[in-house]
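Novice: Below are the structure tokens for one structure; questions will follow.
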Amino acid sequence: MKQFIIFRWFNNISISKKMYLVVGILGLFIAVELSLFWFSLNTLSSIRAMVSGEGLWSKAQKDAFYSIRRYALTGDEKDFQAFFDYMKVPLGDKKARIELEKENPDFKIARHGILEGRNHPDDVDGIMQVFIRFRKISYMDKAISFWAKGDSLNEKMTLLVGSLKQEITSPLPSQDKIGKTLSDIGAINSALIKLENNFSSVLGEGSRWIEKLAMRILLAISLMMGFLTLILFSSVSRKIAKGINELKRVTNEVAKGNFSNKATIYSKDEIGSFAGSFNIMIDELDKNEKTIQESEKRFSTIFDRNPVAMTLSDMKYGKIAYANNLFCSTFGYTREEVIEHTSKELKLTSPEEDARLLPFILESLKEEIAGRSIEELQSISNEETEKLLNKLKQDDAWKNFEVQYTRKNGNTFPALVSFEVIDSDDKKFIVTSYQDITERKRAEEATIQKTEELKRSNNELEQFAYVASHDLQEPVRIITSYVQLIEKRYKDKLDKDADEYINFTVDAAKRMGILINDLLAYSRVGAVKSGDTKTDCNAILKIVINLLQSSIIETEAKIIIDALPQINCNEIQITQLFQNIIGNAIKFRGEKKPEIIITAKNKTSHWLFSVSDNGIGIKNEYLEKIFVIFQRLHSKEAYPGTGIGLSICKKIVEQHGGTIWAESEFGKGTTFYFTIRKKMEHR
Amino acid sequence: MNKLKQMEIFLIEDNPADIRLTIEALKDGKLLNPLNYVMDGEEALQYLRKEGKHINATRPDIILLDLNIPKISGIEVLAEIKKDESLKTIPVIVLTTSSAEQDIVRSYKLNANCYITKPVDFNEFMRVIITLEEFWVSIVKLPPNSDKN
């Protein structure tokens with residue numbers, strides 16, 4: 001578990017930390033190795049010092065031995081003294097050994113002892129360290145025991161040397177005794193030589209052992225170091241490679257347009273955080289891609305569902321990149337059949353139609369293409385193509401220009417064509433729309449036909465009304481006349497009933513005559529063209545007042561006339577118009593004396609006339625009905641009339657491009673308004 | 001003086017009812033001038049030119065002309081009369097049911113002496129006929145009748 005934590009921790013530290021860690025571990029190993037190396041060197045040199053100390057020790061011991069032998073021969077006190085001088089070396093060493101073998105050695109004493117052993121001062125510390133450090137190691141233990149034995153033999157020898165001096169300095173030295181002591185001393189010396197050799201060889205063995213051990217440890221550490229380094233590096237590099245490979249894999253997926261794949265984050269180091277950022281980037285790309293796709297979808301839907309056939313084609317080669325549904329259904333192709341083809345390849349226009357269109361195109365672009373060869377024009381740049389297209393577009397000749405297009409099945413249809421140059425992905429495209437106007441044309445033709453028919457039937461109707469009323473008038477006049485003749489000749493000769501019958505017949509016949517006459521007048525308004533001679537309305541009003549003179553006088557009517565304009569009109573018709581309206585104003589007067597006000601106002605395109613009276617007025621619900629032919633609001637007993645007068649007025653006003661209407665307050669008076677257009681169109 | 005002299009009236013009218021009506025109207029007048037009539041344009045011209053069965057016809061003093069008559073229309077008859085040197089001095093009174101502007105204009109352009117729309121009312125009609133008779137017979141001085149001289 002703890003190991004896992006370490007691994008996880010290691011995973012999550014940064015790469016630089018990982019590197020530092022690896023280098024640190026390596027450094028540590030190197031330090032350990034160096035210190036071990038130093039330790040071994042140190043130890044070995046100390047052992048060497050110790051061995052050399054033994055050499056000094058044994059040399060001093062030998063010198064002492066030889067001094068004592070000389071002394072035995074010469075009896076020279078100096079030689080004897082020399083023995084002790086020499087013996088100071090082993091004694092010093094012994095002092096140091098004893099001190100160092102203590103639990104808490106006094107290193108001062110030990111140092112002193114070692115220096116007395118004539119060792120080099122630099123070696124002192126090494127000797128002491130080796131002594132203490134390796135005291136328990138068998139080699140050292142053995143060596144020290146040899147050393148101790150040597151020391152005890154030295155003591156024996158010193159004792160023998162003391163007895164030898166006694167013998168020599170005795171008054172009667174016994175040569176035997178001296179010889180025997182000397183041989184004993186010699187034996188000890190030999191034993192010492194043996195011990196010395198043992199000491200040296202044991203230490204040598206020890207140092208070789210140390211050497212081997214040190215070498216092995218160094219080798220082991222080196223191997224371990226190598227191995228660990230290998231593991232660490234491979235683990236780190238494997239982890240880095242794994243992270244990078246994962247990023248590589250995901251990058252490839254993204255390149256293929258697959259945004260659902262996310263990079264797995266194996267560690268929290270730089271690569272891990274890079275992978276994290278990379279995933280965020282993929283998300284953003286995905287979001288962007290989706291937004292683009294959505295907007296693309298939205299636009300293609302709009303394009304597809306546009307109620308006008310459309311294509312998108314590249315400007316350079318004219319190849320159709322996309323065609324909407326209506327284009328396909330209108331022209332009868334599947335989308336696959338049109339995409340990557342030009343309109344020329346599809347023969348959307350027949351060669352005859354192309355030939356018809358060419359002069360128009362050349363005419364529109366004559367300034368641009370003047371003096372240029374066809375080869376030159378065929379290889380013009382995109383920019384110039386665009387310029388020419390825009391120029392073509394701006395030419396009024398191409399507005400509502402009809403082109404005959406050919407469907408796949410060979411049928412043709414008229415369409416209005418328009419185009420737009422757009423930039424997309426650094427490429428120029430042309431959006432062309434083909435508005436099929438078959439239906440519109442059909443409707444237009446139908447409307448024209450209907451209008452013609454209507455005109456004809458209207459004319460026929462007017463003609464009919466004229467002929468009918470004209471021909472009707474004849475028999476009516478005869479009937480009236482003869483009934484009146486009967487009345488004249490036979491009145492009071494028949495009975496009373498007959499007289500009454502004759503009266504009714506005369507009345508009806510007269511009324512019919514007037515009716516037919518009015519109808520004739522009405523039909524003539526349409527038949528007679530409204531003129532465009534300038535006519536002074538003030539003069540017309542004078543005529544009208546003259547015509548109505550008798551009733552004006554009879555009713556004491558007051559007529560107030562504004563300054564009236566000169567208008568373009570049919571004088572007879574306008575006279576009749578005023579006569580009818582003013583006549584009505586007098587006819588439908590109230591209790592008061594009639595007061596009639598006539599005004600005219602100048603409007604932009606027409607004159608607005610008004611005729612106001614203070615008569616009986618018209619109820620609102622009848623304001624429109626009054627203009628309908630034969631429409632009467634009163635009994636013929638109360639107000640005689642045929643109900644044609646205002647319909648004639650309406651027809652006259654309409655003939656003059658105007659409208660007529662009335663406003664009224666029942667019981668208070670009525671105002672008739674009508675407009676006359678200033679400029680009459682010739683009909 | 002003139003009263004003693006009978007003025008001959010020539011009526012060109014296809015409708016017998018109108019012919020009779022004219023006769024009746026003249027009857028009510030006091031002048032009792034003779035009236036001859038024909039019922040189509042062709043016969044009217046034959047009468048005036050004394051052709052065919054009208055070889056014995058006399059030159060009328062006044063012509064009452066309806067425009068709406070068969071074979072040769074009233075307008076054509078008018079044109080023929082006014083073209084004819086011997087006939088053009090005879091006053092031609094257009095007496096018709098038409099009140100159409102174009103008929104009036106055309107008639108006067110062809111030198112009709114007057115144009116009258118037949119009134120619907122009989123009394124009016126009578127008044128018109130009597131007035132005409134009085135005017136043309138009693139009041140107006142006409143050129144001498146070359147035919148009778």
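Just remember, in the structure tokens the first chain shown is A, the second B, etc., residues are 1-based per chain, and ligands are 1-based in the order shown.
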Could you give me, as a PDB file with C-alpha atoms, in the first residue's frame, the residues within 12 Å of B:Ser99, counting only C-alpha atoms and dropping anything in the same chain fewer than 2 positions from it?

Specialist:
```pdb
ATOM      1  CA  TYR A 466     -78.270  51.846 -75.425  1.00  0.00           C
ATOM      2  CA  SER A 469     -83.515  51.729 -74.355  1.00  0.00           C
ATOM      3  CA  HIS A 470     -83.401  53.328 -77.788  1.00  0.00           C
ATOM      4  CA  GLN A 473     -88.487  54.169 -76.523  1.00  0.00           C
ATOM      5  CA  GLU A 474     -90.272  53.812 -79.818  1.00  0.00           C
ATOM      6  CA  ASN A 517     -84.845  58.077 -71.350  1.00  0.00           C
ATOM      7  CA  ASP A 518     -82.820  58.154 -68.129  1.00  0.00           C
ATOM      8  CA  LEU A 520     -80.392  55.860 -72.191  1.00  0.00           C
ATOM      9  CA  ALA A 521     -78.651  58.838 -70.621  1.00  0.00           C
ATOM     10  CA  ARG A 524     -74.450  57.114 -72.869  1.00  0.00           C
TER      11      ARG A 524
ATOM     12  CA  LEU B  67     -83.784  58.678 -89.597  1.00  0.00           C
ATOM     13  CA  VAL B  94     -85.603  65.530 -89.124  1.00  0.00           C
ATOM     14  CA  LEU B  95     -88.274  64.092 -86.848  1.00  0.00           C
ATOM     15  CA  THR B  96     -86.951  61.068 -85.061  1.00  0.00           C
ATOM     16  CA  THR B  97     -86.973  59.197 -81.754  1.00  0.00           C
ATOM     17  CA  GLU B 101     -75.649  63.693 -80.190  1.00  0.00           C
ATOM     18  CA  GLN B 102     -74.018  62.074 -83.216  1.00  0.00           C
ATOM     19  CA  ASP B 103     -77.316  61.848 -85.101  1.00  0.00           C
ATOM     20  CA  ILE B 104     -77.981  65.538 -84.434  1.00  0.00           C
ATOM     21  CA  VAL B 105     -74.497  66.596 -85.495  1.00  0.00           C
ATOM     22  CA  SER B 107     -77.966  65.723 -89.632  1.00  0.00           C
ATOM     23  CA  TYR B 115     -83.792  68.407 -85.893  1.00  0.00           C
ATOM     24  CA  ILE B 116     -86.622  67.410 -83.588  1.00  0.00           C
ATOM     25  CA  THR B 117     -86.807  64.477 -81.182  1.00  0.00           C
ATOM     26  CA  LYS B 118     -90.278  63.024 -81.108  1.00  0.00           C
ATOM     27  CA  PRO B 119     -91.726  63.890 -77.693  1.00  0.00           C
ATOM     28  CA  VAL B 120     -93.002  60.980 -75.617  1.00  0.00           C
TER      29      VAL B 120
END
```

Novice: Do me a favour and pick out the residues of chain B within 8 Å of chain A, using only C-alpha atoms, as an MDAnalysis selection string.

Specialist: chainID B and resid 17:18 21 97:98 119:123

Novice: Identify, with DSSP run on backbone atoms, the residues in stretch 530-661 of chain A assigned to helix (DSSP H, G or I), and express the list as an MDAnalysis selection string.

Specialist: chainID A and resid 537:547 549:555 571:587 620:622 625:627 645:655

Novice: For A:Thr671, please output as a list in words all residues within 8 Å (counting only C-alpha atoms; exclusion window: fewer than 3 positions along the same chain).

Specialist: Ser610, Val611, Ser612, Asp613, Ala662, Glu663 and Ser664 of chain A

Novice: Could you save those same residues with all heavy atoms as a short mmCIF file (atom, residue, chain, number, x, y, z; two decimals), in the first residue's frame?

Specialist:
```
data_model
loop_
_atom_site.label_atom_id
_atom_site.label_comp_id
_atom_site.auth_asym_id
_atom_site.auth_seq_id
_atom_site.Cartn_x
_atom_site.Cartn_y
_atom_site.Cartn_z
N SER A 610 -67.30 69.72 -53.35
CA SER A 610 -68.34 69.37 -52.38
C SER A 610 -69.59 70.22 -52.66
O SER A 610 -69.49 71.39 -53.03
CB SER A 610 -67.85 69.59 -50.96
OG SER A 610 -67.82 70.96 -50.66
N VAL A 611 -70.74 69.55 -52.51
CA VAL A 611 -72.03 70.25 -52.66
C VAL A 611 -72.83 69.97 -51.38
O VAL A 611 -73.23 68.83 -51.14
CB VAL A 611 -72.80 69.75 -53.90
CG1 VAL A 611 -74.13 70.48 -54.02
CG2 VAL A 611 -71.96 69.94 -55.16
N SER A 612 -73.00 70.99 -50.53
CA SER A 612 -73.69 70.79 -49.25
C SER A 612 -75.06 71.44 -49.31
O SER A 612 -75.24 72.51 -49.90
CB SER A 612 -72.92 71.44 -48.11
OG SER A 612 -71.56 71.15 -48.22
N ASP A 613 -76.03 70.75 -48.69
CA ASP A 613 -77.36 71.35 -48.61
C ASP A 613 -77.89 71.27 -47.19
O ASP A 613 -77.27 70.65 -46.33
CB ASP A 613 -78.31 70.67 -49.61
CG ASP A 613 -78.55 69.21 -49.29
OD1 ASP A 613 -78.78 68.89 -48.11
OD2 ASP A 613 -78.49 68.37 -50.23
N ALA A 662 -71.13 60.45 -50.14
CA ALA A 662 -71.97 61.45 -49.47
C ALA A 662 -71.82 61.32 -47.97
O ALA A 662 -71.57 60.25 -47.45
CB ALA A 662 -73.42 61.25 -49.86
N GLU A 663 -71.91 62.47 -47.29
CA GLU A 663 -71.95 62.47 -45.83
C GLU A 663 -73.22 63.21 -45.46
O GLU A 663 -73.57 64.21 -46.09
CB GLU A 663 -70.71 63.17 -45.27
CG GLU A 663 -69.46 62.32 -45.39
CD GLU A 663 -68.18 63.08 -45.04
OE1 GLU A 663 -68.29 64.21 -44.52
OE2 GLU A 663 -67.11 62.53 -45.32
N SER A 664 -73.90 62.70 -44.45
CA SER A 664 -75.19 63.32 -44.18
C SER A 664 -75.57 63.22 -42.71
O SER A 664 -75.17 62.29 -42.00
CB SER A 664 -76.27 62.64 -45.02
OG SER A 664 -77.50 63.26 -44.77
#
```

Novice: Set the distance at 9 Å and use only C-alpha atoms: which residues neighbour B:Thr22 once local chain neighbours fewer than 6 positions away are removed? I'd like the list as a list of chain:residue names.

Specialist: B:Leu11, B:Phe125, B:Met126, B:Ile129

Novice: Please provide the set of residues having any atom within 10 Å of B:Glu134, restricted to only C-alpha atoms, with same-chain residues fewer than 5 positions apart removed, written as a list in words.

Specialist: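 Returned residues: Gly29, Lys30, Leu31, Val128, Ile129, Ile139 and Val140 of chain B.
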
Novice: Could you go through stretch 410-530 of chain A and tell me which residues DSSP, when run on the backbone, assigns to strand (DSSP E), listing them as a VMD selection string?

Specialist: chain A and resid 412 to 424 427 to 436

Novice: Please save N, CA, C and O atoms of the selected residues as a PDB file, in the first residue's frame.

Specialist:
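Heads up, here's the output in selection_1.pdb:
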```pdb
ATOM      1  N   THR A 412     -39.599  23.103 -71.688  1.00  0.00           N
ATOM      2  CA  THR A 412     -38.999  24.380 -71.313  1.00  0.00           C
ATOM      3  C   THR A 412     -39.971  25.157 -70.438  1.00  0.00           C
ATOM      4  O   THR A 412     -41.170  24.883 -70.441  1.00  0.00           O
ATOM      5  N   PHE A 413     -39.401  26.080 -69.684  1.00  0.00           N
ATOM      6  CA  PHE A 413     -40.248  26.943 -68.848  1.00  0.00           C
ATOM      7  C   PHE A 413     -39.560  28.293 -68.694  1.00  0.00           C
ATOM      8  O   PHE A 413     -38.338  28.370 -68.716  1.00  0.00           O
ATOM      9  N   PRO A 414     -40.341  29.365 -68.541  1.00  0.00           N
ATOM     10  CA  PRO A 414     -39.740  30.678 -68.382  1.00  0.00           C
ATOM     11  C   PRO A 414     -39.359  30.908 -66.919  1.00  0.00           C
ATOM     12  O   PRO A 414     -40.079  30.485 -66.023  1.00  0.00           O
ATOM     13  N   ALA A 415     -38.212  31.560 -66.691  1.00  0.00           N
ATOM     14  CA  ALA A 415     -37.794  31.862 -65.322  1.00  0.00           C
ATOM     15  C   ALA A 415     -37.069  33.193 -65.296  1.00  0.00           C
ATOM     16  O   ALA A 415     -36.479  33.604 -66.291  1.00  0.00           O
ATOM     17  N   LEU A 416     -37.171  33.828 -64.133  1.00  0.00           N
ATOM     18  CA  LEU A 416     -36.376  35.036 -63.903  1.00  0.00           C
ATOM     19  C   LEU A 416     -35.108  34.567 -63.223  1.00  0.00           C
ATOM     20  O   LEU A 416     -35.173  33.835 -62.252  1.00  0.00           O
ATOM     21  N   VAL A 417     -33.974  34.976 -63.750  1.00  0.00           N
ATOM     22  CA  VAL A 417     -32.720  34.493 -63.181  1.00  0.00           C
ATOM     23  C   VAL A 417     -32.012  35.640 -62.468  1.00  0.00           C
ATOM     24  O   VAL A 417     -32.057  36.782 -62.910  1.00  0.00           O
ATOM     25  N   SER A 418     -31.421  35.316 -61.313  1.00  0.00           N
ATOM     26  CA  SER A 418     -30.607  36.323 -60.631  1.00  0.00           C
ATOM     27  C   SER A 418     -29.444  35.604 -59.971  1.00  0.00           C
ATOM     28  O   SER A 418     -29.510  34.411 -59.718  1.00  0.00           O
ATOM     29  N   PHE A 419     -28.354  36.342 -59.747  1.00  0.00           N
ATOM     30  CA  PHE A 419     -27.189  35.685 -59.148  1.00  0.00           C
ATOM     31  C   PHE A 419     -26.486  36.607 -58.175  1.00  0.00           C
ATOM     32  O   PHE A 419     -26.677  37.811 -58.187  1.00  0.00           O
ATOM     33  N   GLU A 420     -25.691  35.981 -57.332  1.00  0.00           N
ATOM     34  CA  GLU A 420     -25.002  36.703 -56.267  1.00  0.00           C
ATOM     35  C   GLU A 420     -23.635  36.045 -56.132  1.00  0.00           C
ATOM     36  O   GLU A 420     -23.546  34.823 -56.125  1.00  0.00           O
ATOM     37  N   VAL A 421     -22.577  36.844 -56.070  1.00  0.00           N
ATOM     38  CA  VAL A 421     -21.237  36.273 -55.895  1.00  0.00           C
ATOM     39  C   VAL A 421     -20.932  36.245 -54.412  1.00  0.00           C
ATOM     40  O   VAL A 421     -21.134  37.233 -53.719  1.00  0.00           O
ATOM     41  N   ILE A 422     -20.509  35.102 -53.896  1.00  0.00           N
ATOM     42  CA  ILE A 422     -20.160  35.026 -52.475  1.00  0.00           C
ATOM     43  C   ILE A 422     -18.779  34.415 -52.309  1.00  0.00           C
ATOM     44  O   ILE A 422     -18.310  33.651 -53.146  1.00  0.00           O
ATOM     45  N   ASP A 423     -18.126  34.755 -51.179  1.00  0.00           N
ATOM     46  CA  ASP A 423     -16.811  34.202 -50.849  1.00  0.00           C
ATOM     47  C   ASP A 423     -16.992  33.090 -49.847  1.00  0.00           C
ATOM     48  O   ASP A 423     -17.719  33.244 -48.890  1.00  0.00           O
ATOM     49  N   SER A 424     -16.313  31.970 -50.098  1.00  0.00           N
ATOM     50  CA  SER A 424     -16.362  30.889 -49.129  1.00  0.00           C
ATOM     51  C   SER A 424     -15.071  30.119 -49.254  1.00  0.00           C
ATOM     52  O   SER A 424     -14.692  29.715 -50.345  1.00  0.00           O
ATOM     53  N   LYS A 427     -12.703  30.786 -51.870  1.00  0.00           N
ATOM     54  CA  LYS A 427     -13.123  30.500 -53.241  1.00  0.00           C
ATOM     55  C   LYS A 427     -14.354  31.354 -53.535  1.00  0.00           C
ATOM     56  O   LYS A 427     -15.118  31.653 -52.632  1.00  0.00           O
ATOM     57  N   LYS A 428     -14.479  31.718 -54.784  1.00  0.00           N
ATOM     58  CA  LYS A 428     -15.658  32.501 -55.164  1.00  0.00           C
ATOM     59  C   LYS A 428     -16.749  31.550 -55.647  1.00  0.00           C
ATOM     60  O   LYS A 428     -16.470  30.626 -56.417  1.00  0.00           O
ATOM     61  N   PHE A 429     -17.941  31.793 -55.150  1.00  0.00           N
ATOM     62  CA  PHE A 429     -19.080  30.983 -55.591  1.00  0.00           C
ATOM     63  C   PHE A 429     -20.156  31.896 -56.158  1.00  0.00           C
ATOM     64  O   PHE A 429     -20.237  33.063 -55.806  1.00  0.00           O
ATOM     65  N   ILE A 430     -20.964  31.325 -57.007  1.00  0.00           N
ATOM     66  CA  ILE A 430     -22.110  32.077 -57.522  1.00  0.00           C
ATOM     67  C   ILE A 430     -23.374  31.378 -57.059  1.00  0.00           C
ATOM     68  O   ILE A 430     -23.532  30.172 -57.269  1.00  0.00           O
ATOM     69  N   VAL A 431     -24.213  32.136 -56.388  1.00  0.00           N
ATOM     70  CA  VAL A 431     -25.525  31.606 -56.023  1.00  0.00           C
ATOM     71  C   VAL A 431     -26.487  32.075 -57.111  1.00  0.00           C
ATOM     72  O   VAL A 431     -26.659  33.266 -57.320  1.00  0.00           O
ATOM     73  N   THR A 432     -27.060  31.132 -57.821  1.00  0.00           N
ATOM     74  CA  THR A 432     -27.985  31.485 -58.892  1.00  0.00           C
ATOM     75  C   THR A 432     -29.385  31.067 -58.474  1.00  0.00           C
ATOM     76  O   THR A 432     -29.571  29.969 -57.955  1.00  0.00           O
ATOM     77  N   SER A 433     -30.353  31.952 -58.641  1.00  0.00           N
ATOM     78  CA  SER A 433     -31.732  31.541 -58.380  1.00  0.00           C
ATOM     79  C   SER A 433     -32.542  31.626 -59.657  1.00  0.00           C
ATOM     80  O   SER A 433     -32.376  32.539 -60.455  1.00  0.00           O
ATOM     81  N   TYR A 434     -33.367  30.607 -59.835  1.00  0.00           N
ATOM     82  CA  TYR A 434     -34.195  30.490 -61.032  1.00  0.00           C
ATOM     83  C   TYR A 434     -35.637  30.533 -60.572  1.00  0.00           C
ATOM     84  O   TYR A 434     -36.125  29.588 -59.980  1.00  0.00           O
ATOM     85  N   GLN A 435     -36.273  31.656 -60.822  1.00  0.00           N
ATOM     86  CA  GLN A 435     -37.652  31.777 -60.363  1.00  0.00           C
ATOM     87  C   GLN A 435     -38.595  31.389 -61.495  1.00  0.00           C
ATOM     88  O   GLN A 435     -38.742  32.128 -62.469  1.00  0.00           O
ATOM     89  N   ASP A 436     -39.199  30.223 -61.331  1.00  0.00           N
ATOM     90  CA  ASP A 436     -40.116  29.705 -62.348  1.00  0.00           C
ATOM     91  C   ASP A 436     -41.346  30.607 -62.393  1.00  0.00           C
ATOM     92  O   ASP A 436     -42.051  30.759 -61.399  1.00  0.00           O
TER      93      ASP A 436
END
```

Novice: Which one of A:Ser523, A:Thr251, A:Thr349, A:Thr158 sits closest to A:Ile648 if you count only C-alpha atoms?

Specialist: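 Of A:Ser523, A:Thr251, A:Thr349, A:Thr158, the one nearest A:Ile648 is A:Ser523, counting only C-alpha atoms.
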
Novice: Counting only C-alpha atoms, which residue out of A:Asn104, A:Asn546, A:Asn570, A:Gln61 sits closest to A:Val653?

Specialist: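 When distances to A:Val653 are compared using only C-alpha atoms, the smallest one comes from A:Asn570.
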
Novice: Can you work out which one of B:Ile72, B:Ala57, B:Ala112, B:Leu32 has the shortest atom-to-atom distance to B:Met7, counting only C-alpha atoms?

Specialist: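 So, comparing all the options, the nearest one is B:Leu32.
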
Novice: If you measure from atom CA of A:Gly150 to atom CA of A:Gly53, what distance in Å do you get, rounded to one decimal?

Specialist: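 Separation between atom CA of A:Gly150 and atom CA of A:Gly53: 13.7 Å.
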
Novice: Mind checking which residues fall within 12 Å of B:Arg59, counting only C-alpha atoms, ignoring those fewer than 3 positions away in the same chain, and posting them as JSON, numbers by chain?

Specialist: {"B": [7, 8, 9, 10, 35, 36, 44, 45, 46, 47, 48, 49, 50, 54, 55, 56, 62, 63, 86, 87, 88, 89, 90, 91, 144, 145, 146, 147, 148, 149]}

Novice: Which distance in Å separates atom CA of A:Thr675 and atom CA of A:Ser605, to one decimal?

Specialist: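 Calculated distance between atom CA of A:Thr675 and atom CA of A:Ser605 is 9.6 Å.
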
Novice: Please provide the set of residues having any atom within 9 Å of A:Lys319, restricted to only C-alpha atoms, with same-chain residues fewer than 4 positions apart removed, written as a list in words.

Specialist: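 Near neighbours after the sequence-gap exclusion: Leu312, Ser313, Asp314, Met315, Val338, Ile339, Glu340, His341, Thr342 and Ser343 of chain A.
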
Novice: Take atom CA of A:Gly204 and atom CA of A:Ser138 and report the distance between them in Å, one decimal.

Specialist: 12.6 Å
